[in-house]
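Below is one structure, written out as structure tokens; the observations come after it.
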Amino acid sequence: MISRRVFIGTASAMLLPTLPRAQAQQPRRVPRIGVLSPGNPPPRDPFHQRESFEEGLREVGWMPGTTVLIEYRYAEGDRDRLLEQARELTQLAVDVIVARSAMAIRAARDATRTIPIVMSAGLDPVRVGLVASLAHPGGSITGLTLLAENLDGKQLELLKQVVPKLSHVAFLHNRANSQSQELARAAQALRLKVTGFPVTDVADIAPTFADMKHNHVGAVLVSADALILDAHRDEIIALAARHHLPAMYSFRDFVQAGGLMSYSADLQAIYRRSASFVDKILKGTKPADLPVEQPTKFELVINLKTAKALGLTIPPSLLARADQVIE
């Protein structure tokens, strides 16, 4: 007869080897990403952020919906909604937040100081105080900027080539994003007067174009702005045409929709690249140890039909260097 003590010891020994196996069979937690955008959801997002970002995730080994979950939030141009959605993502305890535009990045930062934030096409994170420096961002924010050194100057230079007698340029921008020092320096070098025309909401856009014409500007430089300007692309293009104003835009979709020209970073490449930052953070790298990246690929897009309607002749040298010419 087996003693009770021997039976208990034998049973324990039989159970012990099974414990690690049972623990190993427990399902691993699936990481969750929050994506915060001030713009419109698909299919009304002309920049294809969602498709590009998920393509980037697959390139680094993540399968959206399977090995990683994504919570998308779109403010559709509503600043208050953007703040609410940032708080909502933090309450969902996402592992990382991907934020497009300075406004979305600030909203995410105000909602949390612990969840890592990846900038996806931020404007100038150092100037607006989001990171300490590009090489050493510090804190919980890193990612990719939309602007490179002297991009404003290049846009003005290209506009001047298309309108040789240009002397006065309007700078259309969200009031929250002031004119950069780089733009002022470029204007001085090109002997151009640049006057800022800020807007705070969509209702300001039409009266602002009337003010431009009243101030005798010869062309318009439209700033990148996901909250107001990008969301009302078609209205801006129509107003520029109505007031017979040549315009330089920050994104190719404006030109594809009828605008004159654009010179900018490749947004789809930036959105794909932001996935690599998410990948590193999910694998344990701290945002403070990931340098902020500037864009390396830029696109010049020209709409010849719009140029003809404005009575402009595009120099052959400019057409030759364009990445896309719309006829």
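Naming scheme: A, B, ... for chains in displayed order of the structure tokens; residues 1 onward per chain; ligands 1 onward as shown.
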At a cut-off of 8 Å, using only C-alpha atoms, what residues contact stretch 135-138 of chain A? Leave out same-chain residues fewer than 5 positions from it and give the result as a ChimeraX atom specification.
/A:287-292
Would you export the selected residues with C-alpha atoms as a PDB file, in the first residue's frame, please?
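Dumped to again-v9.pdb:
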```pdb
ATOM      1  CA  PRO A 287      11.766  57.353 -27.908  1.00  0.00           C
ATOM      2  CA  ALA A 288      14.502  59.520 -26.371  1.00  0.00           C
ATOM      3  CA  ASP A 289      17.090  57.218 -28.005  1.00  0.00           C
ATOM      4  CA  LEU A 290      15.601  57.469 -31.515  1.00  0.00           C
ATOM      5  CA  PRO A 291      16.789  60.575 -33.438  1.00  0.00           C
ATOM      6  CA  VAL A 292      14.120  62.528 -35.294  1.00  0.00           C
TER       7      VAL A 292
END
```
Compile the contact shell of stretch 144-161 of chain A as a PyMOL selection string: residues with an atom at most 6 Å away, counting only C-alpha atoms, same-chain residues fewer than 6 positions apart removed.
chain A and resi 119-123+183+186+292-294
DSSP on the backbone, strand (DSSP E or B) only: what residues of stretch 55-138 of chain A does that give? Format it as an NGL selection string.
:A and (64 or 68-74 or 96-100 or 117-122)
For atom CA of A:Leu304 and atom CA of A:Ala238, quote the distance in Å rounded to one decimal.
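According to the coordinates, atom CA of A:Leu304 and atom CA of A:Ala238 are separated by 16.2 Å.
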Compare A:Ala132, A:Val169, A:Ala247, A:Leu83 by their minimum atom-to-atom distance to A:Ile105, counting only C-alpha atoms, and give me the closest one.
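Closest residue, counting only C-alpha atoms: A:Leu83.
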Taken to one decimal, the atom CA of A:Arg44-atom CA of A:Val118 distance is 23.1 Å
Would you tabulate, counting only C-alpha atoms, all residues of stretch 239-321 of chain A that have an atom at most 9 Å from an atom of stretch 45-54 of chain A, showing the closest pair of atoms and their distance in Å to one decimal, sorted by chain then ascending number, as CSV?
```
residue,atom,partner,partner_atom,distance
A:Phe251,CA,A:Phe47,CA,8.7
A:Asp253,CA,A:Pro46,CA,6.7
A:Leu267,CA,A:Phe47,CA,7.0
A:Gln268,CA,A:Ser52,CA,5.7
A:Ala269,CA,A:Ser52,CA,7.5
A:Ile270,CA,A:Ser52,CA,8.5
A:Tyr271,CA,A:Phe53,CA,5.1
A:Arg272,CA,A:Phe53,CA,4.7
A:Arg273,CA,A:Phe53,CA,7.7
A:Ser274,CA,A:Phe53,CA,7.0
A:Ala275,CA,A:Phe53,CA,6.0
```
If you run DSSP over the backbone, which residues in stretch 53-273 of chain A end up alpha helix (DSSP H)? Put them as a ChimeraX atom specification.
/A:53-59,79-91,102-111,151-162,181-189,205-214,233-242,252-256,267-273
With only C-alpha atoms as the basis for distance, which of A:Gly259, A:Pro315, A:Gly56, A:Pro38 is at the shortest distance from A:Ala241?
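The shortest atom-to-atom distance to A:Ala241 comes from A:Gly259.
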As an exercise, work out the distance from atom CA of A:His243 to atom CA of A:Thr208 in Å and give it to one decimal place.
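A separation of 11.3 Å between them.
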When you count only C-alpha atoms, which of these residues is closest to A:Leu227: A:Ala206, A:Met103, A:Met212, A:Leu172?
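Under the stated criterion, the closest residue is A:Met103.
Of the residues under consideration (A:Tyr74, A:Trp62, A:Tyr263, A:Phe171), A:Trp62 shows the shortest atom-to-atom contact distance to A:Arg32 when counting only C-alpha atoms.
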If you count only C-alpha atoms, which residues fall within 12 Å of A:Glu71, apart from same-chain ones fewer than 6 positions away, as an mmCIF file with C-alpha atoms, in the first residue's frame?
```
data_model
loop_
_atom_site.group_PDB
_atom_site.id
_atom_site.type_symbol
_atom_site.label_atom_id
_atom_site.label_comp_id
_atom_site.auth_asym_id
_atom_site.auth_seq_id
_atom_site.Cartn_x
_atom_site.Cartn_y
_atom_site.Cartn_z
ATOM 1 C CA PRO A 31 0.329 45.309 -28.910
ATOM 2 C CA ARG A 32 -2.055 48.161 -29.643
ATOM 3 C CA ILE A 33 -1.230 51.317 -31.631
ATOM 4 C CA GLY A 34 -3.226 54.530 -31.537
ATOM 5 C CA VAL A 35 -3.224 56.699 -34.687
ATOM 6 C CA LEU A 36 -4.364 60.288 -34.181
ATOM 7 C CA SER A 37 -5.091 62.400 -37.261
ATOM 8 C CA ARG A 50 -3.735 54.542 -43.264
ATOM 9 C CA PRO A 64 -2.344 44.749 -38.734
ATOM 10 C CA GLY A 65 -5.351 43.121 -37.121
ATOM 11 C CA GLN A 85 -9.657 61.567 -29.113
ATOM 12 C CA ALA A 86 -6.138 61.902 -27.709
ATOM 13 C CA GLU A 88 -9.569 58.425 -25.482
ATOM 14 C CA LEU A 89 -6.474 56.694 -26.862
ATOM 15 C CA THR A 90 -4.684 57.054 -23.529
ATOM 16 C CA GLN A 91 -7.681 55.533 -21.731
ATOM 17 C CA LEU A 92 -7.429 52.555 -24.078
ATOM 18 C CA ALA A 93 -3.844 52.128 -22.814
ATOM 19 C CA VAL A 94 -2.322 51.931 -26.289
ATOM 20 C CA ASP A 95 1.388 51.092 -26.381
ATOM 21 C CA VAL A 96 2.312 53.956 -28.733
ATOM 22 C CA ILE A 97 0.525 56.883 -30.400
ATOM 23 C CA VAL A 98 1.254 57.928 -33.981
ATOM 24 C CA ALA A 99 0.267 61.585 -34.455
#
```
